[in-house]
$ cat run_38.txt   # compact mmCIF, C-alpha atoms
# COMPACT_ATOMS: atom_id res chain seq x y z
CA MET A 1 -15.50 -46.21 19.36
CA LYS A 2 -15.33 -48.26 16.16
CA LYS A 3 -13.04 -47.43 13.25
CA THR A 4 -12.99 -49.21 9.86
CA LEU A 5 -10.13 -48.91 7.35
CA LEU A 6 -11.18 -49.77 3.76
CA THR A 7 -9.31 -52.08 1.42
CA ALA A 8 -8.17 -49.15 -0.77
CA ILE A 9 -6.09 -47.83 2.13
CA SER A 10 -2.84 -49.49 3.07
CA ILE A 11 -1.69 -48.72 6.63
CA THR A 12 1.99 -49.19 7.41
CA LEU A 13 2.48 -49.88 11.11
CA SER A 14 6.16 -50.45 11.58
CA SER A 15 6.74 -53.38 9.15
CA ILE A 16 3.16 -54.77 9.08
CA ILE A 17 1.13 -54.08 5.92
CA TYR A 18 -2.67 -54.43 5.88
CA SER A 19 -4.43 -54.62 2.53
CA GLN A 20 -7.78 -55.83 3.74
CA THR A 21 -10.59 -54.35 5.81
CA VAL A 22 -9.49 -53.86 9.41
CA THR A 23 -11.87 -53.10 12.25
CA VAL A 24 -10.53 -51.37 15.35
CA THR A 25 -12.79 -51.17 18.40
CA ASP A 26 -10.54 -48.97 20.55
CA GLN A 27 -7.63 -46.92 19.18
CA ILE A 28 -4.65 -47.11 16.88
CA ILE A 29 -1.26 -46.29 18.36
CA LEU A 30 1.74 -45.87 16.07
CA ARG A 31 4.94 -46.14 18.08
CA ASN A 32 8.17 -44.67 16.75
CA ASN A 33 10.96 -46.96 15.70
CA SER A 34 13.38 -44.57 17.40
CA ASN A 35 12.98 -41.74 19.89
CA SER A 36 14.93 -39.19 17.89
CA ALA A 37 14.22 -35.95 16.12
CA TYR A 38 12.22 -36.23 12.89
CA ALA A 39 11.37 -39.85 13.64
CA GLY A 40 7.72 -40.82 13.92
CA GLY A 41 4.94 -43.15 12.90
CA LYS A 42 3.23 -42.75 9.56
CA ILE A 43 0.22 -43.86 7.56
CA ASP A 44 0.81 -44.55 3.86
CA PHE A 45 -2.07 -44.46 1.36
CA ALA A 46 -0.64 -46.76 -1.31
CA SER A 47 -1.56 -46.41 -4.97
CA LEU A 48 -3.17 -49.31 -6.83
CA GLY A 49 -0.89 -52.20 -7.73
CA GLU A 50 0.63 -55.30 -6.29
CA LEU A 51 2.15 -54.88 -2.84
CA ASN A 52 5.52 -56.42 -2.14
CA ALA A 53 5.13 -57.05 1.59
CA SER A 54 8.14 -59.35 1.80
CA ALA A 55 10.41 -56.63 0.46
CA GLY A 56 8.69 -54.02 2.65
CA THR A 57 7.82 -51.84 -0.35
CA ILE A 58 4.54 -50.50 -1.65
CA HIS A 59 3.48 -48.36 -4.54
CA PRO A 60 3.82 -44.82 -3.13
CA GLY A 61 0.87 -42.55 -2.40
CA SER A 62 -0.18 -39.84 -0.01
CA GLN A 63 1.12 -39.97 3.54
CA ILE A 64 0.29 -38.80 7.07
CA ARG A 65 3.39 -38.62 9.22
CA ASN A 66 4.19 -37.78 12.85
CA SER A 67 7.51 -35.96 13.20
CA LEU A 68 9.31 -35.49 16.51
CA THR A 69 10.80 -32.05 17.01
CA ASN A 70 12.14 -32.83 20.47
CA ALA A 71 12.24 -36.39 21.82
CA SER A 72 11.97 -36.14 25.61
CA GLY A 73 9.35 -38.58 26.81
CA THR A 74 6.19 -36.87 27.98
CA ALA A 75 7.90 -33.50 27.31
CA SER A 76 8.37 -34.37 23.65
CA MET A 77 7.20 -32.04 20.94
CA SER A 78 5.93 -33.39 17.66
CA SER A 79 4.19 -32.14 14.53
CA LEU A 80 1.79 -33.73 12.08
CA ILE A 81 2.71 -33.62 8.39
CA LEU A 82 0.43 -34.35 5.45
CA SER A 83 2.21 -35.26 2.21
CA SER A 84 0.94 -35.83 -1.29
CA TYR A 85 2.72 -37.95 -3.86
CA TRP A 86 3.08 -36.26 -7.26
CA GLY A 87 6.09 -37.79 -8.96
CA GLY A 88 7.67 -37.73 -5.49
CA TYR A 89 6.62 -36.96 -1.94
CA LYS A 90 5.61 -33.36 -1.36
CA ASP A 91 5.07 -32.24 2.23
CA GLU A 92 2.05 -29.97 1.85
CA LEU A 93 0.68 -29.27 5.34
CA THR A 94 2.27 -29.10 8.79
CA LEU A 95 0.42 -28.82 12.11
CA ILE A 96 2.70 -27.74 14.94
CA ASP A 97 2.13 -25.94 18.25
CA GLY A 98 -1.28 -24.60 17.24
CA LYS A 99 0.05 -23.32 13.91
CA VAL A 100 -0.64 -24.42 10.35
CA GLY A 101 2.12 -24.36 7.78
CA VAL A 102 1.41 -24.72 4.07
CA GLY A 103 4.64 -25.50 2.24
CA THR A 104 6.74 -24.92 5.38
CA TYR A 105 7.76 -27.07 8.36
CA ALA A 106 8.15 -24.06 10.65
CA PRO A 107 5.07 -21.82 10.49
CA GLN A 108 5.64 -18.47 12.23
CA SER A 109 1.94 -17.62 12.59
CA LYS A 110 -1.43 -19.36 12.95
CA LEU A 111 -1.47 -19.72 9.16
CA HIS A 112 1.84 -19.50 7.30
CA ILE A 113 1.92 -20.08 3.53
CA PHE A 114 5.27 -20.51 1.76
CA GLN A 115 5.40 -20.38 -2.04
CA PRO A 116 8.76 -21.37 -3.58
CA GLY A 117 10.19 -19.13 -6.26
CA SER A 118 9.22 -19.88 -9.84
CA SER A 119 9.81 -18.50 -13.31
CA THR A 120 6.21 -19.33 -14.19
CA PRO A 121 3.14 -17.46 -12.87
CA ILE A 122 2.51 -18.03 -9.15
CA ASP A 123 -0.89 -18.36 -7.51
CA ALA A 124 -0.13 -18.60 -3.78
CA MET A 125 -3.72 -18.34 -2.56
CA THR A 126 -7.11 -18.20 -4.27
CA ILE A 127 -10.56 -17.67 -2.77
CA ASP A 128 -13.35 -18.80 -5.09
CA VAL A 129 -16.96 -17.86 -4.44
CA GLU A 130 -19.35 -19.53 -6.86
CA SER A 131 -22.01 -16.85 -6.56
CA PHE A 132 -23.32 -14.18 -4.19
CA SER A 133 -26.68 -14.42 -6.02
CA THR A 134 -27.44 -10.72 -5.53
CA SER A 135 -25.46 -7.49 -5.33
CA ALA A 136 -27.02 -6.86 -1.92
CA ASN A 137 -25.62 -10.16 -0.67
CA ALA A 138 -22.19 -9.29 -2.14
CA ASP A 139 -22.30 -5.99 -0.24
CA ALA A 140 -23.12 -7.84 2.98
CA SER A 141 -20.54 -10.59 2.46
CA HIS A 142 -16.76 -10.55 2.71
CA PHE A 143 -13.88 -12.53 1.23
CA PHE A 144 -11.55 -11.80 4.12
CA ARG A 145 -11.96 -10.16 7.53
CA VAL A 146 -9.68 -9.41 10.49
CA ARG A 147 -11.33 -8.85 13.89
CA ASP A 148 -9.69 -7.56 17.06
CA LEU A 149 -11.67 -9.37 19.76
CA GLY A 150 -9.68 -7.65 22.51
CA ALA A 151 -10.86 -4.26 21.24
CA ASN A 152 -14.59 -4.94 21.19
CA GLY A 153 -14.36 -6.82 17.91
CA ILE A 154 -13.30 -3.87 15.75
CA ILE A 155 -12.36 -4.79 12.19
CA PRO A 156 -9.04 -3.18 11.14
CA PHE A 157 -9.06 -4.84 7.70
CA ILE A 158 -11.75 -6.28 5.46
CA ILE A 159 -12.27 -7.28 1.82
CA LYS A 160 -15.96 -7.16 1.01
CA GLY A 161 -17.76 -9.38 -1.46
CA ASN A 162 -18.28 -6.39 -3.75
CA GLY A 163 -14.50 -5.93 -4.01
CA ASN A 164 -14.26 -2.92 -1.68
CA VAL A 165 -11.32 -2.91 0.73
CA GLY A 166 -11.64 -1.30 4.14
CA ILE A 167 -8.76 -0.30 6.42
CA GLY A 168 -9.98 0.98 9.77
CA THR A 169 -13.60 0.59 8.63
CA SER A 170 -15.85 -2.47 8.34
CA THR A 171 -18.15 -0.84 5.77
CA PRO A 172 -15.94 0.42 2.92
CA GLN A 173 -17.88 2.44 0.37
CA TYR A 174 -15.07 2.60 -2.21
CA ARG A 175 -12.53 0.25 -3.77
CA LEU A 176 -10.12 1.45 -1.05
CA ASP A 177 -11.67 3.10 2.01
CA VAL A 178 -9.18 4.16 4.70
CA ASN A 179 -10.27 5.53 8.06
CA GLY A 180 -7.09 7.02 9.54
CA LYS A 181 -3.79 8.50 8.49
CA SER A 182 -1.91 7.06 5.53
CA SER A 183 1.73 7.40 4.54
CA PHE A 184 3.30 6.82 1.12
CA ALA A 185 7.07 6.73 0.74
CA ASP A 186 6.92 6.53 -3.04
CA ASN A 187 4.91 7.93 -5.93
CA MET A 188 1.15 7.42 -6.07
CA ARG A 189 -0.63 7.58 -9.40
CA VAL A 190 -4.31 8.45 -9.71
CA ASN A 191 -5.95 8.33 -13.15
CA ALA A 192 -8.97 10.29 -11.97
CA LYS A 193 -9.90 13.25 -9.80
CA ILE A 194 -8.76 13.68 -6.20
CA GLU A 195 -11.38 15.02 -3.82
CA ALA A 196 -10.26 16.26 -0.41
CA LYS A 197 -11.33 18.69 2.30
CA GLU A 198 -7.72 19.77 2.78
CA ILE A 199 -4.35 19.08 1.14
CA LYS A 200 -1.06 19.87 2.88
CA VAL A 201 2.11 19.91 0.78
CA THR A 202 5.42 20.01 2.66
CA LEU A 203 8.32 21.11 0.50
CA THR A 204 11.45 23.16 1.19
CA PRO A 205 12.80 25.68 0.43
CA THR A 206 9.97 28.19 0.19
CA ALA A 207 9.99 31.40 -1.89
CA ASP A 208 11.02 33.75 0.94
CA PHE A 209 14.39 34.23 -0.77
CA VAL A 210 12.60 36.88 -2.86
CA PHE A 211 12.69 39.20 0.17
CA GLU A 212 16.43 38.84 0.72
CA ASN A 213 18.48 42.00 0.12
CA ASP A 214 20.63 40.35 -2.54
CA TYR A 215 17.67 39.05 -4.56
CA ASN A 216 17.80 40.28 -8.14
CA LEU A 217 14.24 41.37 -8.81
CA PRO A 218 13.56 41.12 -12.58
CA LYS A 219 12.92 44.39 -14.32
CA LEU A 220 9.35 44.83 -15.50
CA GLU A 221 10.65 45.64 -18.97
CA ASP A 222 12.33 42.21 -19.09
CA VAL A 223 9.19 40.50 -17.79
CA GLU A 224 7.12 42.26 -20.44
CA LYS A 225 9.55 41.21 -23.18
CA HIS A 226 9.49 37.56 -21.99
CA ILE A 227 5.68 37.50 -21.94
CA LYS A 228 5.47 38.91 -25.47
CA GLU A 229 7.96 36.36 -26.80
CA LYS A 230 7.09 33.23 -24.78
CA LYS A 231 3.45 33.85 -23.86
CA HIS A 232 4.01 32.80 -20.25
CA LEU A 233 5.68 34.11 -17.11
CA PRO A 234 9.43 33.63 -16.58
CA GLU A 235 10.32 30.42 -14.64
CA ILE A 236 6.77 29.10 -15.14
CA ALA A 237 6.23 26.20 -17.54
CA SER A 238 4.19 26.81 -20.65
CA ALA A 239 0.74 25.32 -21.12
CA LYS A 240 2.13 22.76 -23.60
CA GLU A 241 4.82 21.65 -21.12
CA MET A 242 2.19 21.25 -18.38
CA GLU A 243 -0.01 19.17 -20.67
CA LYS A 244 2.91 16.93 -21.62
CA GLU A 245 4.82 16.60 -18.34
CA GLY A 246 2.13 17.39 -15.76
CA VAL A 247 2.57 19.74 -12.81
CA ASN A 248 4.37 19.14 -9.53
CA VAL A 249 1.88 20.77 -7.18
CA GLY A 250 4.40 21.54 -4.45
CA GLU A 251 6.99 23.09 -6.75
CA PHE A 252 4.30 24.90 -8.73
CA GLN A 253 2.85 26.43 -5.57
CA ILE A 254 6.29 27.72 -4.57
CA LYS A 255 6.82 29.21 -8.05
CA LEU A 256 3.45 30.92 -7.86
CA LEU A 257 4.33 32.20 -4.38
CA GLN A 258 7.62 33.52 -5.79
CA LYS A 259 5.70 35.44 -8.46
CA ILE A 260 3.26 36.79 -5.87
CA GLU A 261 6.16 37.96 -3.69
CA GLU A 262 7.82 39.59 -6.72
CA LEU A 263 4.50 41.25 -7.53
CA THR A 264 4.34 42.47 -3.93
CA LEU A 265 7.78 44.08 -4.29
CA TYR A 266 6.69 45.73 -7.55
CA THR A 267 3.57 47.02 -5.80
CA ILE A 268 5.63 48.39 -2.91
CA GLU A 269 7.92 50.21 -5.35
CA GLN A 270 4.95 51.53 -7.28
CA ASN A 271 3.36 52.71 -4.04
CA LYS A 272 6.53 54.61 -3.14
CA LEU A 273 6.56 56.14 -6.62
CA ILE A 274 2.87 57.13 -6.36
CA LYS A 275 3.48 58.77 -2.98
CA GLU A 276 6.47 60.65 -4.35
CA GLN A 277 4.45 61.75 -7.35
CA GLN A 278 1.62 62.80 -5.05
CA LYS A 279 4.01 64.97 -3.08
CA ARG A 280 5.23 66.60 -6.27
CA ILE A 281 1.67 67.21 -7.46
CA GLU A 282 0.78 68.78 -4.13
CA ALA A 283 3.91 70.97 -4.30
CA LEU A 284 3.01 72.08 -7.82
CA GLU A 285 -0.56 72.80 -6.76
CA ASN A 286 0.72 74.94 -3.87
CA GLN A 287 3.01 76.81 -6.25
CA ASN A 288 0.09 77.46 -8.60
CA LYS A 289 -2.04 78.73 -5.72
CA ASN A 290 0.73 81.10 -4.64
CA LYS A 291 1.08 82.37 -8.19
CA GLU A 292 -2.67 82.96 -8.39
CA LEU A 293 -2.58 84.90 -5.12
CA ASN A 294 0.31 87.01 -6.36
CA VAL A 295 -1.54 87.76 -9.59
CA ASN A 296 -4.69 88.74 -7.72
CA ASN A 297 -2.69 91.06 -5.46
CA LEU A 298 -1.27 93.00 -8.39
$ encode --input "run_38.txt" --output "structure tokens"
Amino acid sequence: MKKTLLTAISITLSSIIYSQTVTVTDQIILRNNSNSAYAGGKIDFASLGELNASAGTIHPGSQIRNSLTNASGTASMSSLILSSYWGGYKDELTLIDGKVGVGTYAPQSKLHIFQPGSSTPIDAMTIDVESFSTSANADASHFFRVRDLGANGIIPFIIKGNGNVGIGTSTPQYRLDVNGKSSFADNMRVNAKIEAKEIKVTLTPTADFVFENDYNLPKLEDVEKHIKEKKHLPEIASAKEMEKEGVNVGEFQIKLLQKIEELTLYTIEQNKLIKEQQKRIEALENQNKNKELNVNNL
């Protein structure tokens, strides 16, 4: 195999500096000056300018460096580091144990990106697509996809070219399409309609306290007075308050249930009263019949 290094590249092998074209017909081996951690050979890409070979200095540029993690002969472990020079050396990329680290020497996953803190806007990762050409191609394409090859290649997460995000589905039809259960530990705001086949609201306590013996059932006269004055039921927010503050569905449902249970108690009392009145009517009717019989017998 034949390798050619151009004049624009300066290779530092130990203390030897090449600034001319070098042809290698076999391989290049960079041996470490010391067999210790973080030691290793390196290739310097010097910037333009006069080289001071006698002083062992060059104008700095980008660098490829081998770094020993554990120096133990054939059991050694080493990583490959790519550095740029931008007013100083900046270690940009690390390859170690099958992992790629961007901005970190110790990647914890196959791709690990570390972005230092900053008081200015941060752009940790950008994916640019020049053009999908057609909307149909955008629908068929994806910016990012995760596949589980051990589970018949199912796709638990995908970002399509049309901007739709799928969790548990590879063909999201909406901006966020989730196939499976979801859990939110904080508020969720929706500035549009919510469409669902079923909604379950879990909130305690319920309104069963209305049926307790010590519950003070409001008098209908007081309820009537409140309605005439306030134009809404007691303990229920007015229409203006609902428009301004919104409605807590769970609490509102319990309040409505409370009013239904109160209405049930009123109905039960009215039913008792109707039965009592019916008995009295029947008694009066029997008395009238007896009087009529007595009159007819005279």
$ closest_residue --input "run_38.txt" --among "A:Gln27, A:Thr202, A:Asn137, A:Gln108" --to "A:Thr94" --atoms "only C-alpha atoms"
A:Gln108
$ residues_around --input "run_38.txt" --residues "A:Val102" --least-positions-apart "4" --cutoff "7 Å" --atoms "only C-alpha atoms" --output "ChimeraX atom specification"
/A:92-94,112-114
$ closest_residue --input "run_38.txt" --among "A:Pro60, A:Pro205, A:Pro234, A:Pro218" --to "A:Gln253" --atoms "all atoms listed in the file"
A:Pro205
$ residues_around --input "run_38.txt" --residues "A:Glu262" --least-positions-apart "5" --cutoff "9 Å" --atoms "all atoms listed in the file" --output "count of residues only"
6
$ atom_distance --input "run_38.txt" --atom1 "atom CA of A:Asn179" --atom2 "atom CA of A:Ala136"
23.1 Å
$ closest_residue --input "run_38.txt" --among "A:Lys110, A:Lys219, A:Arg145, A:Arg175" --to "A:Tyr266" --atoms "only C-alpha atoms"
A:Lys219
$ atom_distance --input "run_38.txt" --atom1 "atom CA of A:Leu293" --atom2 "atom CA of A:Lys279"
21.1 Å
$ closest_residue --input "run_38.txt" --among "A:Glu261, A:Glu229, A:Glu224, A:Glu198" --to "A:Glu212" --atoms "all atoms listed in the file"
A:Glu261
$ closest_residue --input "run_38.txt" --among "A:Ser141, A:Gln115, A:Asn286, A:Ser84" --to "A:Val129" --atoms "only C-alpha atoms"
A:Ser141
$ residues_around --input "run_38.txt" --residues "A:Arg147" --least-positions-apart "5" --cutoff "9 Å" --atoms "only C-alpha atoms" --output "PyMOL selection string"
chain A and resi 152-158
$ residues_around --input "run_38.txt" --residues "A:Gly98" --least-positions-apart "4" --cutoff "10 Å" --atoms "all atoms listed in the file" --output "mmCIF file with C-alpha atoms, in the frame of the given file"
data_model
loop_
_atom_site.group_PDB
_atom_site.id
_atom_site.type_symbol
_atom_site.label_atom_id
_atom_site.label_comp_id
_atom_site.auth_asym_id
_atom_site.auth_seq_id
_atom_site.Cartn_x
_atom_site.Cartn_y
_atom_site.Cartn_z
ATOM 1 C CA SER A 79 4.190 -32.140 14.530
ATOM 2 C CA PRO A 107 5.070 -21.820 10.490
ATOM 3 C CA SER A 109 1.940 -17.620 12.590
ATOM 4 C CA LYS A 110 -1.430 -19.360 12.950
ATOM 5 C CA LEU A 111 -1.470 -19.720 9.160
#
$ build_atoms --input "run_38.txt" --residues "stretch 193-204 of chain A" --atoms "all heavy atoms" --output "PDB file, keeping the file's coordinate frame"
ATOM      1  N   LYS A 193      -9.935  12.074 -10.648  1.00  0.00           N
ATOM      2  CA  LYS A 193      -9.900  13.250  -9.800  1.00  0.00           C
ATOM      3  C   LYS A 193      -9.565  12.875  -8.363  1.00  0.00           C
ATOM      4  O   LYS A 193      -9.827  11.768  -7.917  1.00  0.00           O
ATOM      5  CB  LYS A 193     -11.252  13.975  -9.841  1.00  0.00           C
ATOM      6  CG  LYS A 193     -11.602  14.571 -11.202  1.00  0.00           C
ATOM      7  CD  LYS A 193     -12.954  15.275 -11.142  1.00  0.00           C
ATOM      8  CE  LYS A 193     -13.313  15.882 -12.490  1.00  0.00           C
ATOM      9  NZ  LYS A 193     -14.645  16.553 -12.448  1.00  0.00           N
ATOM     10  N   ILE A 194      -8.986  13.821  -7.632  1.00  0.00           N
ATOM     11  CA  ILE A 194      -8.760  13.680  -6.200  1.00  0.00           C
ATOM     12  C   ILE A 194      -9.654  14.678  -5.479  1.00  0.00           C
ATOM     13  O   ILE A 194      -9.594  15.877  -5.744  1.00  0.00           O
ATOM     14  CB  ILE A 194      -7.287  13.928  -5.826  1.00  0.00           C
ATOM     15  CG1 ILE A 194      -6.382  12.851  -6.463  1.00  0.00           C
ATOM     16  CG2 ILE A 194      -7.095  13.935  -4.314  1.00  0.00           C
ATOM     17  CD1 ILE A 194      -4.911  13.047  -6.172  1.00  0.00           C
ATOM     18  N   GLU A 195     -10.488  14.170  -4.588  1.00  0.00           N
ATOM     19  CA  GLU A 195     -11.380  15.020  -3.820  1.00  0.00           C
ATOM     20  C   GLU A 195     -10.958  15.003  -2.362  1.00  0.00           C
ATOM     21  O   GLU A 195     -10.792  13.938  -1.765  1.00  0.00           O
ATOM     22  CB  GLU A 195     -12.827  14.529  -3.945  1.00  0.00           C
ATOM     23  CG  GLU A 195     -13.833  15.386  -3.190  1.00  0.00           C
ATOM     24  CD  GLU A 195     -15.264  14.876  -3.344  1.00  0.00           C
ATOM     25  OE1 GLU A 195     -15.504  14.103  -4.301  1.00  0.00           O
ATOM     26  OE2 GLU A 195     -16.106  15.229  -2.516  1.00  0.00           O
ATOM     27  N   ALA A 196     -10.726  16.181  -1.797  1.00  0.00           N
ATOM     28  CA  ALA A 196     -10.260  16.260  -0.410  1.00  0.00           C
ATOM     29  C   ALA A 196     -10.756  17.536   0.233  1.00  0.00           C
ATOM     30  O   ALA A 196     -10.973  18.550  -0.433  1.00  0.00           O
ATOM     31  CB  ALA A 196      -8.732  16.209  -0.360  1.00  0.00           C
ATOM     32  N   LYS A 197     -10.947  17.492   1.556  1.00  0.00           N
ATOM     33  CA  LYS A 197     -11.330  18.690   2.300  1.00  0.00           C
ATOM     34  C   LYS A 197     -10.119  19.595   2.505  1.00  0.00           C
ATOM     35  O   LYS A 197     -10.234  20.802   2.624  1.00  0.00           O
ATOM     36  CB  LYS A 197     -11.925  18.300   3.647  1.00  0.00           C
ATOM     37  CG  LYS A 197     -13.268  17.603   3.539  1.00  0.00           C
ATOM     38  CD  LYS A 197     -13.830  17.294   4.912  1.00  0.00           C
ATOM     39  CE  LYS A 197     -15.199  16.644   4.803  1.00  0.00           C
ATOM     40  NZ  LYS A 197     -15.769  16.308   6.138  1.00  0.00           N
ATOM     41  N   GLU A 198      -8.937  18.983   2.569  1.00  0.00           N
ATOM     42  CA  GLU A 198      -7.720  19.770   2.780  1.00  0.00           C
ATOM     43  C   GLU A 198      -6.526  19.000   2.259  1.00  0.00           C
ATOM     44  O   GLU A 198      -6.461  17.769   2.396  1.00  0.00           O
ATOM     45  CB  GLU A 198      -7.541  20.054   4.283  1.00  0.00           C
ATOM     46  CG  GLU A 198      -6.329  20.919   4.605  1.00  0.00           C
ATOM     47  CD  GLU A 198      -6.182  21.182   6.095  1.00  0.00           C
ATOM     48  OE1 GLU A 198      -7.152  20.912   6.836  1.00  0.00           O
ATOM     49  OE2 GLU A 198      -5.114  21.651   6.518  1.00  0.00           O
ATOM     50  N   ILE A 199      -5.589  19.693   1.628  1.00  0.00           N
ATOM     51  CA  ILE A 199      -4.350  19.080   1.140  1.00  0.00           C
ATOM     52  C   ILE A 199      -3.181  19.887   1.696  1.00  0.00           C
ATOM     53  O   ILE A 199      -3.137  21.115   1.547  1.00  0.00           O
ATOM     54  CB  ILE A 199      -4.282  19.054  -0.395  1.00  0.00           C
ATOM     55  CG1 ILE A 199      -5.381  18.150  -0.958  1.00  0.00           C
ATOM     56  CG2 ILE A 199      -2.918  18.558  -0.862  1.00  0.00           C
ATOM     57  CD1 ILE A 199      -5.417  18.102  -2.468  1.00  0.00           C
ATOM     58  N   LYS A 200      -2.244  19.221   2.322  1.00  0.00           N
ATOM     59  CA  LYS A 200      -1.060  19.870   2.880  1.00  0.00           C
ATOM     60  C   LYS A 200       0.169  19.353   2.138  1.00  0.00           C
ATOM     61  O   LYS A 200       0.432  18.155   2.115  1.00  0.00           O
ATOM     62  CB  LYS A 200      -0.932  19.579   4.374  1.00  0.00           C
ATOM     63  CG  LYS A 200       0.269  20.259   5.027  1.00  0.00           C
ATOM     64  CD  LYS A 200       0.321  19.948   6.522  1.00  0.00           C
ATOM     65  CE  LYS A 200       1.508  20.621   7.178  1.00  0.00           C
ATOM     66  NZ  LYS A 200       1.587  20.309   8.629  1.00  0.00           N
ATOM     67  N   VAL A 201       0.900  20.259   1.515  1.00  0.00           N
ATOM     68  CA  VAL A 201       2.110  19.910   0.780  1.00  0.00           C
ATOM     69  C   VAL A 201       3.305  20.456   1.536  1.00  0.00           C
ATOM     70  O   VAL A 201       3.386  21.661   1.798  1.00  0.00           O
ATOM     71  CB  VAL A 201       2.086  20.478  -0.654  1.00  0.00           C
ATOM     72  CG1 VAL A 201       3.373  20.124  -1.386  1.00  0.00           C
ATOM     73  CG2 VAL A 201       0.880  19.952  -1.414  1.00  0.00           C
ATOM     74  N   THR A 202       4.216  19.581   1.938  1.00  0.00           N
ATOM     75  CA  THR A 202       5.420  20.010   2.660  1.00  0.00           C
ATOM     76  C   THR A 202       6.605  19.921   1.713  1.00  0.00           C
ATOM     77  O   THR A 202       6.954  18.845   1.242  1.00  0.00           O
ATOM     78  CB  THR A 202       5.665  19.125   3.894  1.00  0.00           C
ATOM     79  OG1 THR A 202       5.736  17.755   3.482  1.00  0.00           O
ATOM     80  CG2 THR A 202       4.534  19.275   4.893  1.00  0.00           C
ATOM     81  N   LEU A 203       7.201  21.058   1.431  1.00  0.00           N
ATOM     82  CA  LEU A 203       8.320  21.110   0.500  1.00  0.00           C
ATOM     83  C   LEU A 203       9.206  22.289   0.859  1.00  0.00           C
ATOM     84  O   LEU A 203       8.726  23.373   1.137  1.00  0.00           O
ATOM     85  CB  LEU A 203       7.816  21.250  -0.938  1.00  0.00           C
ATOM     86  CG  LEU A 203       8.858  21.171  -2.048  1.00  0.00           C
ATOM     87  CD1 LEU A 203       9.454  19.778  -2.109  1.00  0.00           C
ATOM     88  CD2 LEU A 203       8.226  21.528  -3.396  1.00  0.00           C
ATOM     89  N   THR A 204      10.491  22.078   0.903  1.00  0.00           N
ATOM     90  CA  THR A 204      11.450  23.160   1.190  1.00  0.00           C
ATOM     91  C   THR A 204      12.440  23.239   0.036  1.00  0.00           C
ATOM     92  O   THR A 204      12.722  22.244  -0.617  1.00  0.00           O
ATOM     93  CB  THR A 204      12.210  22.876   2.495  1.00  0.00           C
ATOM     94  OG1 THR A 204      12.809  21.570   2.415  1.00  0.00           O
ATOM     95  CG2 THR A 204      11.270  22.937   3.693  1.00  0.00           C
TER      96      THR A 204
END
